[in-house]
Amino acid sequence: MIRRLRRLGRLTRITRVFIRHDLDEFVSAIPLLRPYRWLWRLLPWRWVPRDQRPRGVRLREALQDLGPVFVKLGQVISTRPDLLPEDLFEELVKLQDRVPPFPGAQAETIVSDALGAPLTANFREFETQPVASASVAQVHLAQLHDGSEVAVKVLRPGIELVIERDLELMYLLARLAQRYLPDGKRLRPIEVVDQFRKTIGHELDLRREAANASQLAANFAGSKLLHVPKVYWDLTRHNVFVMERIDGIPISNIQALKDAGIDMRQLAHNGVEIFFTQAFRDGFFHADMHPGNIFVSSEGQYRAVDFGIMGTLSAEDKRYLAVNFNAFFNRDYRAVAEAHLRAGWVPPETPVGEFEAAIRAVCEPIFARPIKDISFGRLLLQLFQTARQFNMEVQPQLVLLQKTLFNIEGLGRRLYPDLDLWVTAKPFLERWMRDQVSPRAVLRELRREIPKWLGRLPRLPELLHDTLQRAHDGHLALEWKSGELAKIREQVRAVERRNYFAIAGGSLLITAALLGGLAGFGTDLASVGGVASLIAAICGVLLLWHGRPRRLGG
């Protein structure tokens, strides 16, 4: 009973906040909340003109008033521009965690308990006052006994309970919204809350963030463009993350960057290059690159922090993006439509011509502007919204990339307003595309796959024998239901026998190719592999000859 009353009280507060920000359309859409809306409107202090600011601004401020968990929910929703109207998306991407810190003495206790030793055993100094505070954790500066300057990220005490409580309420609101909102099913609110639960669940284990930082640091080892803080694994636990302290100028402080003599054009160019290197070279990118998470050294090197949200791209994702970007800027909308069909992201029965026409209608107005003013992020957003009309299920990793790209563009153009993103990105994309289809790339892929095939090679004769044995015993025979088909049964059996020879021959030729690949694994293996490869190839050719296509009657 107490739990239900607490939930009702929280729901009442949410409704009151939404009405205070004149977001009545979100409240009145749910019948359960409508009476409360009218009661609130009857209060005398509500007899004032309505707030005329855009609804996106009002929604963002309402989420900020509701507290850190709802701010984090807004951030997660902002990664789904395929589901949001554009005005709401553009405001929600501005949400950043700025919440009051919890007491520093409490943070010291959490660190001591997590490391199983007094604070002085691991730190020479530990600053009680935090330097940053967010919805899930806060950061304190410290110094190790060897003199290393570090930052200590500490999980908020009791945050799991707060999140679990608000998640229950979010699921209730999601179910109501899905049932009563006109766009409820399309917006998939329950799926959004599921995504939020997963995202925030990852952020509640700081070891995940430490692993993300470690991977990104390895990808950019020795780079002059980006520095990632070192992780102190021996001092990191699920609720404590100790990393190298990052010094630098906040990238949002444009005047300080100029005063330091940093080349703003080069800095903007480097930011774009870092993003495309992460996405296309590594397929692993920092997906929360807002200005609060980026610093710049006096030499102009980027320094990143906060690795709780990272994105990953498969080889297919990277190829899809590269093909689409190149096709877009060549205005080859047919290639864009066909790329979606090949990727299987729109139904195979989608009319290519209609899809092409829809993409052209959206993109041509964009290209009416100077190319330096074209937004890659907006381009992807328009593509996702168009593809949704053709039943495309937008891939979450691509939407996360789109949001990150949106942030990078905004950041780059604040640093250098005349930044031409296409001039910066096009050479990188063209170089990456050439690398993907070059003979060297094919050989690299073969060398990567050969060890897997070698592991399966010993089972190949057994599998081949089992297949032929089943065929001989009639277990692979077709069932003949029609009397007319039975007349040609014997002729088809003859074809089947030849097919078995063809399968066996093809398998041996594959084996020959794999054995030939042993040349890269040492001299002994090379000699054995060469002889075995020759024998397998000869046998394979003979079997293929027996299995060659012939006339049905002969």
# chains A, B, ... in the order shown; residues from 1 in each chain; ligands from 1
call {"tool": "residues_around", "arguments": {"residues": "region 203-206 of chain A", "least_positions_apart": "5", "cutoff": "6 Å", "atoms": "only C-alpha atoms", "output": "count of residues only"}}
result
4
call {"tool": "residues_around", "arguments": {"residues": "region 162-172 of chain A", "least_positions_apart": "4", "cutoff": "12 Å", "atoms": "only C-alpha atoms", "output": "PyMOL selection string"}}
result
chain A and resi 3-4+6-14+30+32+66-74+135-136+156-158+176-179+188-201+203-204
call {"tool": "residues_around", "arguments": {"residues": "Val154 (chain A)", "least_positions_apart": "3", "cutoff": "6 Å", "atoms": "only C-alpha atoms", "output": "VMD selection string"}}
result
chain A and resid 137 to 138 239 to 240
call {"tool": "closest_residue", "arguments": {"among": "A:Arg53, A:Ile450, A:Glu86, A:Arg303", "to": "Pro250 (chain A)", "atoms": "only C-alpha atoms"}}
result
A:Arg303
call {"tool": "closest_atom_pairs", "arguments": {"of": "region 99-155 of chain A", "to": "region 280-300 of chain A", "cutoff": "12 Å", "atoms": "only C-alpha atoms", "output": "tab-separated table"}}
result
residue	atom	partner	partner_atom	distance
A:Ala132	CA	A:Gly292	CA	9.9
A:Ser133	CA	A:Gly292	CA	11.5
A:Ala134	CA	A:Gly292	CA	11.2
call {"tool": "atom_distance", "arguments": {"atom1": "CA of Phe428 (chain A)", "atom2": "CA of Leu379 (chain A)"}}
result
18.3 Å
call {"tool": "atom_distance", "arguments": {"atom1": "CA of His227 (chain A)", "atom2": "CA of Ile246 (chain A)"}}
result
9.1 Å
call {"tool": "select_by_dssp", "arguments": {"residues": "region 200-397 of chain A", "states": "alpha helix (DSSP H)", "output": "PyMOL selection string"}}
result
chain A and resi 200-203+206-219+254-259+264-276+315-329+333-343+352-367+376-388+396-397
call {"tool": "atom_distance", "arguments": {"atom1": "CA of Asn212 (chain A)", "atom2": "CA of Leu313 (chain A)"}}
result
14.5 Å
